[in-house]
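Below is the file entry11.tsv, which contains TSV, C-alpha atoms.
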chain	number	residue	atom	x	y	z
A	78	MET	CA	135.43	122.50	87.83
A	79	TRP	CA	134.23	121.48	84.37
A	80	ARG	CA	135.04	117.89	85.20
A	81	ARG	CA	132.97	118.07	88.40
A	82	ARG	CA	130.01	119.59	86.60
A	83	ARG	CA	130.10	116.95	83.91
A	84	ASN	CA	130.04	114.28	86.61
A	85	LEU	CA	127.06	115.89	88.31
A	86	PHE	CA	125.13	115.98	85.02
A	87	GLU	CA	126.03	112.35	84.41
A	88	TRP	CA	124.80	111.47	87.91
A	89	VAL	CA	121.49	113.30	87.36
A	90	ASP	CA	121.04	111.62	83.96
A	91	GLU	CA	121.70	108.23	85.49
A	92	PHE	CA	119.25	108.91	88.34
A	93	PHE	CA	116.44	109.76	85.92
A	94	GLU	CA	117.32	106.85	83.63
A	95	ARG	CA	117.01	104.49	86.58
A	96	LEU	CA	113.75	106.09	87.73
A	97	GLU	CA	112.27	105.83	84.24
A	98	GLU	CA	113.47	102.25	83.93
A	99	GLU	CA	111.89	101.35	87.29
A	100	LEU	CA	108.61	103.13	86.54
A	101	PHE	CA	107.92	101.89	83.05
A	102	ARG	CA	109.33	98.37	83.00
A	103	PRO	CA	106.56	95.74	83.42
A	104	SER	CA	106.58	94.27	86.91
A	105	TRP	CA	105.71	90.80	85.64
A	106	ASP	CA	107.03	88.32	83.09
A	107	ALA	CA	104.19	86.16	81.76
A	108	GLU	CA	106.57	83.88	79.82
A	109	GLU	CA	108.66	82.97	82.82
A	110	CYS	CA	105.69	83.25	85.22
A	111	CYS	CA	107.66	85.50	87.55
A	112	LEU	CA	107.10	88.88	89.16
A	113	GLU	CA	109.51	91.70	89.82
A	114	PRO	CA	109.66	92.53	93.54
A	115	LEU	CA	109.77	96.03	95.00
A	116	VAL	CA	113.30	96.89	96.02
A	117	ASP	CA	114.96	99.66	97.99
A	118	VAL	CA	118.70	100.38	97.87
A	119	GLU	CA	120.24	102.60	100.51
A	120	GLU	CA	123.86	103.69	100.38
A	121	ARG	CA	125.56	104.42	103.69
A	122	ASP	CA	129.15	105.43	104.48
A	123	ASP	CA	130.62	101.94	104.74
A	124	TYR	CA	127.94	99.67	103.34
A	125	VAL	CA	124.95	99.33	101.04
A	126	VAL	CA	121.59	98.02	102.34
A	127	VAL	CA	119.19	96.35	99.93
A	128	THR	CA	115.67	95.42	101.03
A	129	VAL	CA	113.31	93.34	98.90
A	130	ASP	CA	109.57	92.85	99.50
A	131	LEU	CA	108.72	89.17	98.92
A	132	PRO	CA	105.05	88.46	99.70
A	133	PHE	CA	103.99	84.78	99.48
A	134	VAL	CA	107.60	83.70	100.12
A	135	GLU	CA	107.66	81.85	103.44
A	136	ARG	CA	111.00	80.08	103.82
A	137	LYS	CA	114.52	81.45	103.56
A	138	GLU	CA	115.44	78.19	101.78
A	139	ASP	CA	113.28	79.34	98.85
A	140	ILE	CA	115.45	82.41	98.23
A	141	LYS	CA	118.53	82.31	95.98
A	142	LEU	CA	120.94	85.23	96.18
A	143	ASP	CA	123.91	85.88	93.90
A	144	VAL	CA	126.11	88.84	94.71
A	145	THR	CA	128.86	90.39	92.58
A	146	GLU	CA	130.88	93.56	93.19
A	147	ASP	CA	128.19	95.74	91.63
A	148	SER	CA	124.96	93.74	91.57
A	149	VAL	CA	122.63	91.48	93.53
A	150	ASN	CA	120.46	88.89	91.82
A	151	VAL	CA	117.42	87.69	93.78
A	152	GLU	CA	115.25	84.73	92.90
A	153	ALA	CA	112.55	83.55	95.30
A	154	VAL	CA	109.87	80.88	95.00
A	155	MET	CA	106.39	81.64	96.37
A	156	SER	CA	104.67	79.20	98.73
A	157	ARG	CA	101.68	79.22	96.37
A	158	GLY	CA	101.01	80.53	92.89
A	159	PHE	CA	99.41	83.91	92.36
A	160	ARG	CA	96.92	84.30	89.54
A	161	LEU	CA	95.23	87.40	88.10
A	162	ASP	CA	91.98	86.06	86.71
A	163	ARG	CA	90.55	89.29	85.30
A	164	TRP	CA	93.31	91.88	85.24
A	165	GLY	CA	95.08	92.90	82.03
A	166	THR	CA	95.45	90.93	78.81
A	167	VAL	CA	98.91	89.36	78.68
A	168	GLN	CA	99.14	88.50	82.37
A	169	ARG	CA	95.50	87.38	82.78
A	170	GLY	CA	95.21	83.74	83.76
A	171	VAL	CA	98.95	83.30	84.22
A	172	GLU	CA	99.97	81.72	87.51
A	173	PHE	CA	102.99	83.59	88.84
A	174	ARG	CA	105.19	81.40	91.01
A	175	SER	CA	108.35	83.33	91.75
A	176	PHE	CA	110.09	86.68	92.06
A	177	LYS	CA	113.18	87.60	90.08
A	178	LYS	CA	115.27	90.75	89.91
A	179	THR	CA	118.83	91.92	89.32
A	180	ILE	CA	119.66	95.01	91.35
A	181	ARG	CA	122.44	97.37	90.31
A	182	LEU	CA	124.39	98.66	93.30
A	183	PRO	CA	125.44	102.31	93.68
A	184	ALA	CA	128.97	101.39	94.84
A	185	LYS	CA	131.37	98.46	94.56
A	186	VAL	CA	130.92	95.98	97.41
A	187	ASP	CA	132.78	93.04	98.88
A	188	PRO	CA	130.48	90.07	98.06
A	189	LYS	CA	132.20	87.82	100.58
A	190	GLY	CA	131.23	90.15	103.45
A	191	ALA	CA	127.53	90.27	102.50
A	192	ARG	CA	124.93	89.19	105.09
A	193	ALA	CA	121.21	88.56	104.53
A	194	THR	CA	118.19	88.13	106.83
A	195	PHE	CA	114.56	87.28	106.04
A	196	LYS	CA	111.65	88.23	108.26
A	197	ARG	CA	107.90	88.65	107.58
A	198	GLY	CA	108.42	88.42	103.83
A	199	MET	CA	111.09	91.13	103.82
A	200	LEU	CA	114.62	90.29	102.68
A	201	ARG	CA	117.43	92.56	103.96
A	202	ILE	CA	120.95	92.34	102.56
A	203	VAL	CA	123.85	94.31	104.05
A	204	LEU	CA	126.85	94.59	101.72
A	205	PRO	CA	130.11	96.15	102.96
A	206	LYS	CA	131.62	98.58	100.49
A	207	LYS	CA	134.90	97.69	98.87
A	208	VAL	CA	137.24	100.33	100.21
A	209	GLU	CA	140.87	100.91	99.46
A	210	ARG	CA	142.05	102.98	102.38
A	211	TYR	CA	145.45	104.59	102.81
A	212	THR	CA	146.62	106.31	105.96
A	213	ILE	CA	148.47	109.48	105.08
A	214	LYS	CA	151.09	110.94	107.35
A	215	VAL	CA	150.62	114.65	108.09
A	216	GLU	CA	153.91	116.42	107.40
B	185	MET	CA	89.68	130.44	83.63
B	186	ALA	CA	88.21	126.94	83.83
B	187	GLU	CA	88.79	125.00	87.04
B	188	GLU	CA	91.88	122.82	86.83
B	189	VAL	CA	90.18	120.03	88.75
B	190	GLU	CA	86.51	119.16	88.55
B	191	VAL	CA	84.32	116.95	90.76
B	192	VAL	CA	81.67	115.34	88.53
B	193	GLU	CA	78.67	113.84	90.30
B	194	VAL	CA	77.27	110.62	88.85
B	195	ALA	CA	74.61	110.08	91.51
B	196	ARG	CA	72.64	112.25	93.90
B	197	VAL	CA	74.88	113.18	96.83
B	198	GLU	CA	73.16	113.85	100.18
B	199	ALA	CA	76.06	114.27	102.56
B	200	GLU	CA	74.97	116.83	105.15
B	201	GLY	CA	76.67	115.91	108.41
B	202	ALA	CA	78.64	113.08	106.77
B	203	LYS	CA	82.36	112.50	107.23
B	204	ALA	CA	84.69	112.62	104.22
B	205	VAL	CA	87.68	110.29	104.20
B	206	GLU	CA	90.53	110.53	101.70
B	207	GLY	CA	93.40	108.13	101.15
B	208	LEU	CA	95.51	109.25	98.20
B	209	PRO	CA	98.50	107.02	97.34
B	210	ASP	CA	101.37	108.02	99.58
B	211	VAL	CA	103.72	106.46	102.17
B	212	GLY	CA	103.15	102.67	102.31
B	213	LEU	CA	99.92	103.20	100.31
B	214	VAL	CA	98.26	103.22	103.74
B	215	GLY	CA	95.38	105.54	102.81
B	216	ALA	CA	94.89	104.03	99.35
B	217	ILE	CA	94.68	100.46	100.70
B	218	ALA	CA	92.44	101.55	103.59
B	219	THR	CA	89.91	103.49	101.52
B	220	SER	CA	89.64	100.92	98.73
B	221	TYR	CA	89.16	98.19	101.35
B	222	LEU	CA	86.41	100.19	103.08
B	223	VAL	CA	84.58	100.78	99.80
B	224	GLU	CA	84.50	97.01	99.22
B	225	GLN	CA	83.78	96.10	102.84
B	226	LEU	CA	80.89	98.58	103.17
B	227	GLY	CA	79.55	97.90	99.66
B	228	MET	CA	79.50	101.59	98.78
B	229	GLY	CA	78.53	102.93	95.36
B	230	GLU	CA	80.29	105.54	93.24
B	231	VAL	CA	78.73	108.99	93.58
B	232	ALA	CA	81.30	111.16	91.78
B	233	TYR	CA	84.63	111.16	90.02
B	234	VAL	CA	87.39	113.70	89.89
B	235	ASP	CA	88.75	114.85	86.56
B	236	SER	CA	91.67	117.05	85.57
B	237	GLU	CA	93.96	117.68	82.63
B	238	LEU	CA	96.75	117.65	85.18
B	239	PHE	CA	96.18	113.92	85.78
B	240	PRO	CA	97.99	111.36	83.60
B	241	PRO	CA	95.87	110.26	80.59
B	242	ILE	CA	94.70	107.05	82.24
B	243	MET	CA	91.32	105.36	82.61
B	244	VAL	CA	90.71	102.05	84.36
B	245	LEU	CA	88.44	99.11	83.53
B	246	HIS	CA	86.53	97.27	86.23
B	247	ARG	CA	84.26	94.38	85.27
B	248	GLY	CA	84.34	95.68	81.70
B	249	LYS	CA	83.23	99.20	82.70
B	250	LEU	CA	85.41	102.22	82.00
B	251	LYS	CA	86.08	104.30	85.11
B	252	ASN	CA	88.00	107.39	86.07
B	253	PRO	CA	90.86	106.43	88.37
B	254	VAL	CA	90.00	109.03	91.04
B	255	ARG	CA	86.52	108.42	92.41
B	256	ILE	CA	84.29	109.28	95.35
B	257	TYR	CA	82.09	106.63	96.94
B	258	GLY	CA	79.27	107.50	99.28
B	259	SER	CA	76.63	106.49	101.77
B	260	SER	CA	74.40	108.69	103.92
B	261	ASP	CA	77.08	109.26	106.56
B	262	LEU	CA	80.38	108.66	104.78
B	263	LEU	CA	82.19	109.81	101.63
B	264	LEU	CA	85.35	107.98	100.58
B	265	LEU	CA	87.89	109.27	98.08
B	266	VAL	CA	89.77	106.48	96.28
B	267	SER	CA	92.58	106.95	93.78
B	268	GLU	CA	94.07	104.20	91.62
B	269	ILE	CA	96.83	106.50	90.36
B	270	ALA	CA	99.53	108.45	92.14
B	271	ILE	CA	98.62	112.13	91.88
B	272	PRO	CA	101.31	114.22	90.14
B	273	VAL	CA	102.71	116.83	92.53
B	274	GLU	CA	101.57	119.73	90.32
B	275	ALA	CA	97.96	118.46	90.51
B	276	LEU	CA	97.85	118.08	94.29
B	277	ALA	CA	97.05	121.66	95.33
B	278	PRO	CA	94.23	122.22	92.77
B	279	LEU	CA	92.84	118.74	93.57
B	280	VAL	CA	92.76	119.45	97.30
B	281	ARG	CA	91.19	122.90	96.73
B	282	ALA	CA	88.45	121.44	94.52
B	283	LEU	CA	87.67	118.55	96.86
B	284	THR	CA	87.60	120.68	100.01
B	285	SER	CA	85.23	123.15	98.32
B	286	TRP	CA	83.01	120.29	97.16
B	287	PHE	CA	82.93	118.71	100.65
B	288	LYS	CA	82.07	122.11	102.08
B	289	GLU	CA	79.28	122.60	99.50
B	290	LYS	CA	77.90	119.18	100.50
B	291	ARG	CA	77.99	120.27	104.17
B	292	VAL	CA	80.30	117.51	105.28
B	293	GLU	CA	80.86	117.65	109.06
B	294	PHE	CA	84.60	116.98	108.94
B	295	MET	CA	87.34	115.52	106.79
B	296	VAL	CA	89.76	112.74	107.63
B	297	SER	CA	92.96	111.89	105.77
B	298	LEU	CA	94.29	108.36	106.21
B	299	GLY	CA	98.02	107.97	105.70
B	300	GLY	CA	101.28	106.51	106.86
B	301	ILE	CA	104.16	107.90	108.81
B	302	PRO	CA	107.39	106.11	107.90
B	303	VAL	CA	109.35	104.42	110.67
B	304	ALA	CA	112.73	102.76	110.18
B	305	ASN	CA	111.96	99.81	112.50
B	306	ARG	CA	108.57	98.94	110.96
B	307	LEU	CA	109.67	95.31	110.54
B	308	ASP	CA	109.86	94.95	114.33
B	309	ILE	CA	106.44	96.50	115.02
B	310	ASP	CA	103.49	94.08	115.38
B	311	THR	CA	100.71	96.64	115.76
B	312	PRO	CA	101.49	100.06	114.30
B	313	SER	CA	100.60	103.08	116.44
B	314	VAL	CA	98.36	105.73	114.92
B	315	TYR	CA	98.82	109.45	115.50
B	316	GLY	CA	96.31	112.20	114.87
B	317	VAL	CA	97.06	115.59	113.36
B	318	PRO	CA	94.18	118.05	113.84
B	319	ASN	CA	93.76	121.30	111.89
B	320	GLY	CA	92.31	123.14	114.89
B	321	ASP	CA	90.57	122.93	118.25
B	322	VAL	CA	87.40	121.20	117.02
B	323	ALA	CA	89.36	118.40	115.34
B	324	ALA	CA	91.71	118.16	118.32
B	325	GLU	CA	88.66	117.62	120.54
B	326	PHE	CA	87.45	114.75	118.29
B	327	LEU	CA	90.84	113.08	118.72
B	328	LYS	CA	91.00	113.68	122.46
B	329	ARG	CA	87.49	112.34	123.01
B	330	ARG	CA	88.39	109.10	121.18
B	331	GLY	CA	91.74	108.66	122.91
B	332	ILE	CA	93.85	109.04	119.76
B	333	GLU	CA	97.34	110.34	120.45
B	334	VAL	CA	98.06	113.70	118.85
B	335	MET	CA	101.35	114.37	117.07
B	336	GLU	CA	102.77	117.32	119.00
B	337	GLU	CA	105.72	118.46	116.89
B	338	GLY	CA	107.11	117.77	113.44
B	339	PHE	CA	106.63	118.33	109.72
B	340	VAL	CA	103.79	116.80	107.73
B	341	ALA	CA	104.20	116.68	103.97
B	342	GLY	CA	102.14	115.60	100.99
B	343	ALA	CA	98.44	115.34	100.23
B	344	TYR	CA	97.21	115.27	103.82
B	345	ALA	CA	99.32	118.32	104.71
B	346	LEU	CA	97.55	120.17	101.91
B	347	PHE	CA	94.12	118.90	103.03
B	348	LEU	CA	94.82	120.14	106.57
B	349	LYS	CA	95.94	123.53	105.24
B	350	GLU	CA	93.09	124.00	102.78
B	351	SER	CA	90.39	122.87	105.21
B	352	LEU	CA	91.75	125.35	107.75
B	353	ARG	CA	91.52	128.10	105.12
B	354	GLN	CA	87.93	127.08	104.33
B	355	SER	CA	87.01	126.76	108.04
B	356	MET	CA	86.24	123.06	107.95
B	357	PRO	CA	87.37	120.73	110.75
B	358	ALA	CA	89.84	118.16	109.44
B	359	LEU	CA	92.40	115.74	110.76
B	360	ALA	CA	94.89	113.18	109.57
B	361	LEU	CA	95.25	109.69	111.04
B	362	LEU	CA	98.80	108.50	110.39
B	363	ALA	CA	99.82	104.89	111.05
B	364	GLN	CA	103.44	103.83	111.48
B	365	SER	CA	104.38	102.21	108.19
B	366	TYR	CA	107.00	101.28	105.62
B	367	LEU	CA	107.96	104.22	103.43
B	368	GLN	CA	108.52	102.38	100.16
B	369	TYR	CA	106.47	99.19	100.47
B	370	PRO	CA	102.69	98.67	100.49
B	371	ASP	CA	101.70	98.19	104.13
B	372	PRO	CA	98.29	96.51	104.65
B	373	GLY	CA	99.06	96.13	108.40
B	374	ALA	CA	99.41	99.90	108.73
B	375	ALA	CA	96.23	100.35	106.66
B	376	ALA	CA	94.38	98.06	109.11
B	377	ALA	CA	95.66	100.13	112.06
B	378	ALA	CA	94.50	103.35	110.37
B	379	ILE	CA	91.04	101.84	109.71
B	380	GLU	CA	90.70	100.78	113.35
B	381	ALA	CA	91.60	104.32	114.47
B	382	LEU	CA	89.02	105.69	112.02
B	383	GLY	CA	86.48	103.32	113.58
B	384	ARG	CA	87.29	104.72	117.03
B	385	LEU	CA	86.95	108.25	115.71
B	386	LEU	CA	83.58	107.58	114.06
B	387	ASP	CA	82.38	105.38	116.92
B	388	ARG	CA	81.77	102.40	114.66
B	389	SER	CA	83.60	99.17	114.16
B	390	PHE	CA	85.23	98.05	110.91
B	391	ASP	CA	86.27	94.43	110.49
B	392	VAL	CA	89.92	94.44	109.36
B	393	LYS	CA	90.42	90.67	109.58
B	394	PRO	CA	89.77	90.08	105.84
B	395	LEU	CA	92.24	92.85	105.02
B	396	LEU	CA	94.96	91.27	107.13
B	397	GLU	CA	94.18	87.86	105.61
B	398	LYS	CA	94.64	89.31	102.12
B	399	ALA	CA	97.79	91.26	103.09
B	400	GLU	CA	100.19	89.29	100.88
B	401	GLU	CA	97.88	89.43	97.88
B	402	ILE	CA	97.55	93.22	98.35
B	403	ARG	CA	101.35	93.58	98.52
B	404	VAL	CA	101.64	91.81	95.16
B	405	LYS	CA	98.78	93.68	93.47
B	406	THR	CA	99.87	97.15	94.57
B	407	ARG	CA	103.53	96.97	93.48
B	408	ASP	CA	102.95	99.16	90.41
B	409	LEU	CA	100.96	101.81	92.29
B	410	MET	CA	103.68	101.86	94.94
B	411	LYS	CA	106.31	102.45	92.25
B	412	GLN	CA	104.32	105.44	90.94
B	413	ALA	CA	103.76	106.75	94.47
B	414	ARG	CA	107.50	106.53	95.19
B	415	ALA	CA	108.19	109.03	92.41
B	416	ALA	CA	105.48	111.35	93.79
B	417	ILE	CA	106.79	110.96	97.36
B	418	VAL	CA	110.15	112.41	96.27
B	419	GLY	CA	108.37	115.47	94.84
B	420	MET	CA	106.32	115.94	98.03
B	421	GLN	CA	109.46	116.36	100.13
B	422	LYS	CA	108.39	113.42	102.29
B	423	PRO	CA	111.84	112.92	103.81
B	424	ARG	CA	111.28	116.25	105.62
B	425	GLU	CA	108.80	114.48	107.91
B	426	SER	CA	111.72	112.95	109.77
B	427	GLU	CA	113.49	116.31	110.20
B	428	MET	CA	113.35	118.60	113.22
B	429	PRO	CA	111.39	121.84	112.88
B	430	LEU	CA	113.13	125.10	113.82
B	431	MET	CA	110.62	126.45	116.32
B	432	TYR	CA	109.54	124.88	119.58
B	433	THR	CA	106.81	126.67	121.49
Could you rewrite the structure in this file as structure tokens?
Amino acid sequence: MWRRRRNLFEWVDEFFERLEEELFRPSWDAEECCLEPLVDVEERDDYVVVTVDLPFVERKEDIKLDVTEDSVNVEAVMSRGFRLDRWGTVQRGVEFRSFKKTIRLPAKVDPKGARATFKRGMLRIVLPKKVERYTIKVE
Amino acid sequence: MAEEVEVVEVARVEAEGAKAVEGLPDVGLVGAIATSYLVEQLGMGEVAYVDSELFPPIMVLHRGKLKNPVRIYGSSDLLLLVSEIAIPVEALAPLVRALTSWFKEKRVEFMVSLGGIPVANRLDIDTPSVYGVPNGDVAAEFLKRRGIEVMEEGFVAGAYALFLKESLRQSMPALALLAQSYLQYPDPGAAAAAIEALGRLLDRSFDVKPLLEKAEEIRVKTRDLMKQARAAIVGMQKPRESEMPLMYT
């Protein structure tokens, strides 16, 4: 029981750590001229679905995806630069040209089975979970 | 006890018979995008701001001028509530109470909430449908007269649910116009659909073409507000909107 409780607390801590990280990390990198896209990760029984919002990205050829067992790295080049002429201090006047983000996955996946589609600026990646399954004989 | 939320007027507000429209950051930022677009499109001026110690300690600069992030813009027949921050869940109820009372004091004819209703297949929808949620017979009649489909059953959660509840308590007609949208991504297309439905309701036409042309730019600019709204959406029990209610009458 104690073990289960400790795991639950760890899970809650990790959830809030991730939320805090997402909320307070800058969504732009003025040095590399890239933006962090909005991402959603949904865990289902057999697979994980990652969606990424990529405005100003027009062609699937401009998206580079690297998948490992527990992460997805997305890099995408915009069809035209995006500049904030008045907003902020650090990012003002910088022309952002790409999106970049590494996404931690909630479960181990099989990278070879991953499939991705791109429609209306929305990237969708379906990653099958890595499952070790044993059939047990009922005695 | 001092009021937790205060509406501070910065200009004379003559709003008898006007319609009040709110679009607090929520699902797909539909209402937030729609109201800020309308303010710009109609060239409206700020008439009041909303202040509260329950809000995060944030001010915003526009063209070098310091502004409160929650503001009310007005003309003789329309009041628009715009928020550049996601409202913390604990501030929602007092904010809605204060605003509804203020609209009532200003003799507003009725209130409209603009928002989104999340749909899983949004990517496959070209023109989002818009559903109306009235708070009573008078508002239902407005919707019926303008041919806006009424949501018959289901849960509504978040700011507009509170506006509907509070306006009912204060006997003011109110309704929500909810466009099919993404849950977690800014959705200018859904905002355009909500604006067009508002136009039908008010019997006036709003040009949404510039909004649709700027859709990608809006999606980039509103990423941070969407991230804040996501955290608030969890606290508002938004996922309940896709659940089945117990009672069917």
I'd like a table as JSON lines: residues in region 370-414 of chain B with an atom no more than 10 Å from region 115-139 of chain A, each row giving the shortest atom pair and its distance in Å to one decimal, only C-alpha atoms counted, sorted by chain and rising residue number.
{"residue": "B:Pro370", "atom": "CA", "partner": "A:Asp130", "partner_atom": "CA", "distance": 9.1}
{"residue": "B:Ala399", "atom": "CA", "partner": "A:Pro132", "partner_atom": "CA", "distance": 8.5}
{"residue": "B:Glu400", "atom": "CA", "partner": "A:Pro132", "partner_atom": "CA", "distance": 5.1}
{"residue": "B:Glu401", "atom": "CA", "partner": "A:Pro132", "partner_atom": "CA", "distance": 7.5}
{"residue": "B:Ile402", "atom": "CA", "partner": "A:Pro132", "partner_atom": "CA", "distance": 9.0}
{"residue": "B:Arg403", "atom": "CA", "partner": "A:Pro132", "partner_atom": "CA", "distance": 6.4}
{"residue": "B:Val404", "atom": "CA", "partner": "A:Pro132", "partner_atom": "CA", "distance": 6.6}
{"residue": "B:Thr406", "atom": "CA", "partner": "A:Leu115", "partner_atom": "CA", "distance": 10.0}
{"residue": "B:Arg407", "atom": "CA", "partner": "A:Leu115", "partner_atom": "CA", "distance": 6.5}
{"residue": "B:Asp408", "atom": "CA", "partner": "A:Leu115", "partner_atom": "CA", "distance": 8.8}
{"residue": "B:Met410", "atom": "CA", "partner": "A:Leu115", "partner_atom": "CA", "distance": 8.4}
{"residue": "B:Lys411", "atom": "CA", "partner": "A:Leu115", "partner_atom": "CA", "distance": 7.8}
Practice problem: Find the spatial neighbours of Leu204 (chain A), counting all atoms listed in the file, within a cut-off of 10 Å - ignore same-chain residues fewer than 4 positions away - and output them as a PyMOL selection string. | Solution: chain A and resi 120+123-127+144+146+149+182+184-193
Exercise. May I have the residues within 8 Å of region 304-321 of chain B as a ChimeraX atom specification, using all atoms listed in the file and disregarding those fewer than 6 positions away in the same chain?
Key: /A:196-197 /B:327,332-335,348-349,351-352,357-366,373-374,377-378,381
Exercise. Determine which residues of chain A sit within 12 Å of chain B, taking into account only C-alpha atoms, and present them as a PyMOL selection string.
Key: chain A and resi 92-93+95-105+111-119+128-135+155-166+173-176+194-201
Go ahead and dump the residues you just picked, C-alpha atoms, as a PDB file, keeping the file's coordinate frame.
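What ended up in out38.pdb:
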ATOM      1  CA  PHE A  92     119.250 108.910  88.340  1.00  0.00           C
ATOM      2  CA  PHE A  93     116.440 109.760  85.920  1.00  0.00           C
ATOM      3  CA  ARG A  95     117.010 104.490  86.580  1.00  0.00           C
ATOM      4  CA  LEU A  96     113.750 106.090  87.730  1.00  0.00           C
ATOM      5  CA  GLU A  97     112.270 105.830  84.240  1.00  0.00           C
ATOM      6  CA  GLU A  98     113.470 102.250  83.930  1.00  0.00           C
ATOM      7  CA  GLU A  99     111.890 101.350  87.290  1.00  0.00           C
ATOM      8  CA  LEU A 100     108.610 103.130  86.540  1.00  0.00           C
ATOM      9  CA  PHE A 101     107.920 101.890  83.050  1.00  0.00           C
ATOM     10  CA  ARG A 102     109.330  98.370  83.000  1.00  0.00           C
ATOM     11  CA  PRO A 103     106.560  95.740  83.420  1.00  0.00           C
ATOM     12  CA  SER A 104     106.580  94.270  86.910  1.00  0.00           C
ATOM     13  CA  TRP A 105     105.710  90.800  85.640  1.00  0.00           C
ATOM     14  CA  CYS A 111     107.660  85.500  87.550  1.00  0.00           C
ATOM     15  CA  LEU A 112     107.100  88.880  89.160  1.00  0.00           C
ATOM     16  CA  GLU A 113     109.510  91.700  89.820  1.00  0.00           C
ATOM     17  CA  PRO A 114     109.660  92.530  93.540  1.00  0.00           C
ATOM     18  CA  LEU A 115     109.770  96.030  95.000  1.00  0.00           C
ATOM     19  CA  VAL A 116     113.300  96.890  96.020  1.00  0.00           C
ATOM     20  CA  ASP A 117     114.960  99.660  97.990  1.00  0.00           C
ATOM     21  CA  VAL A 118     118.700 100.380  97.870  1.00  0.00           C
ATOM     22  CA  GLU A 119     120.240 102.600 100.510  1.00  0.00           C
ATOM     23  CA  THR A 128     115.670  95.420 101.030  1.00  0.00           C
ATOM     24  CA  VAL A 129     113.310  93.340  98.900  1.00  0.00           C
ATOM     25  CA  ASP A 130     109.570  92.850  99.500  1.00  0.00           C
ATOM     26  CA  LEU A 131     108.720  89.170  98.920  1.00  0.00           C
ATOM     27  CA  PRO A 132     105.050  88.460  99.700  1.00  0.00           C
ATOM     28  CA  PHE A 133     103.990  84.780  99.480  1.00  0.00           C
ATOM     29  CA  VAL A 134     107.600  83.700 100.120  1.00  0.00           C
ATOM     30  CA  GLU A 135     107.660  81.850 103.440  1.00  0.00           C
ATOM     31  CA  MET A 155     106.390  81.640  96.370  1.00  0.00           C
ATOM     32  CA  SER A 156     104.670  79.200  98.730  1.00  0.00           C
ATOM     33  CA  ARG A 157     101.680  79.220  96.370  1.00  0.00           C
ATOM     34  CA  GLY A 158     101.010  80.530  92.890  1.00  0.00           C
ATOM     35  CA  PHE A 159      99.410  83.910  92.360  1.00  0.00           C
ATOM     36  CA  ARG A 160      96.920  84.300  89.540  1.00  0.00           C
ATOM     37  CA  LEU A 161      95.230  87.400  88.100  1.00  0.00           C
ATOM     38  CA  ASP A 162      91.980  86.060  86.710  1.00  0.00           C
ATOM     39  CA  ARG A 163      90.550  89.290  85.300  1.00  0.00           C
ATOM     40  CA  TRP A 164      93.310  91.880  85.240  1.00  0.00           C
ATOM     41  CA  GLY A 165      95.080  92.900  82.030  1.00  0.00           C
ATOM     42  CA  THR A 166      95.450  90.930  78.810  1.00  0.00           C
ATOM     43  CA  PHE A 173     102.990  83.590  88.840  1.00  0.00           C
ATOM     44  CA  ARG A 174     105.190  81.400  91.010  1.00  0.00           C
ATOM     45  CA  SER A 175     108.350  83.330  91.750  1.00  0.00           C
ATOM     46  CA  PHE A 176     110.090  86.680  92.060  1.00  0.00           C
ATOM     47  CA  THR A 194     118.190  88.130 106.830  1.00  0.00           C
ATOM     48  CA  PHE A 195     114.560  87.280 106.040  1.00  0.00           C
ATOM     49  CA  LYS A 196     111.650  88.230 108.260  1.00  0.00           C
ATOM     50  CA  ARG A 197     107.900  88.650 107.580  1.00  0.00           C
ATOM     51  CA  GLY A 198     108.420  88.420 103.830  1.00  0.00           C
ATOM     52  CA  MET A 199     111.090  91.130 103.820  1.00  0.00           C
ATOM     53  CA  LEU A 200     114.620  90.290 102.680  1.00  0.00           C
ATOM     54  CA  ARG A 201     117.430  92.560 103.960  1.00  0.00           C
TER      55      ARG A 201
END
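CA of Ile256 (chain B) to CA of Asp391 (chain B) spans 21.3 Å [interatomic distance, one decimal].
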Quiz prompt | Close residues, Arg196 (chain B) itself excluded, 10 Å, all atoms listed in the file, min 5 positions apart in chain, as a PyMOL selection string | solution = chain B and resi 231-232+258
File of the preceding selection, C-alpha atoms, as a compact mmCIF listing (two decimals), in the frame of the given file:
# COMPACT_ATOMS: atom_id res chain seq x y z
CA VAL B 231 78.73 108.99 93.58
CA ALA B 232 81.30 111.16 91.78
CA GLY B 258 79.27 107.50 99.28
Quiz item: Contacts of region 259-269 of chain B at 7 Å or less, counting all atoms listed in the file, minus same-chain residues fewer than 3 places along, as a ChimeraX atom specification?
Solution: /B:198-199,201-209,216,219-220,228,253-256,409
Quiz item: Could you name the residues that touch Val273 (chain B) at 10 Å or less, counting only C-alpha atoms, but leaving out those on the same chain fewer than 6 positions away, as an MDAnalysis selection string?
Solution: chainID B and resid 238:239 342:343 415:420
Those selected residues, please, written with C-alpha atoms and delivered as a PDB file, keeping the file's coordinate frame.
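Output contents, as saved in selection_34.pdb:
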ATOM      1  CA  LEU B 238      96.750 117.650  85.180  1.00  0.00           C
ATOM      2  CA  PHE B 239      96.180 113.920  85.780  1.00  0.00           C
ATOM      3  CA  GLY B 342     102.140 115.600 100.990  1.00  0.00           C
ATOM      4  CA  ALA B 343      98.440 115.340 100.230  1.00  0.00           C
ATOM      5  CA  ALA B 415     108.190 109.030  92.410  1.00  0.00           C
ATOM      6  CA  ALA B 416     105.480 111.350  93.790  1.00  0.00           C
ATOM      7  CA  ILE B 417     106.790 110.960  97.360  1.00  0.00           C
ATOM      8  CA  VAL B 418     110.150 112.410  96.270  1.00  0.00           C
ATOM      9  CA  GLY B 419     108.370 115.470  94.840  1.00  0.00           C
ATOM     10  CA  MET B 420     106.320 115.940  98.030  1.00  0.00           C
TER      11      MET B 420
END
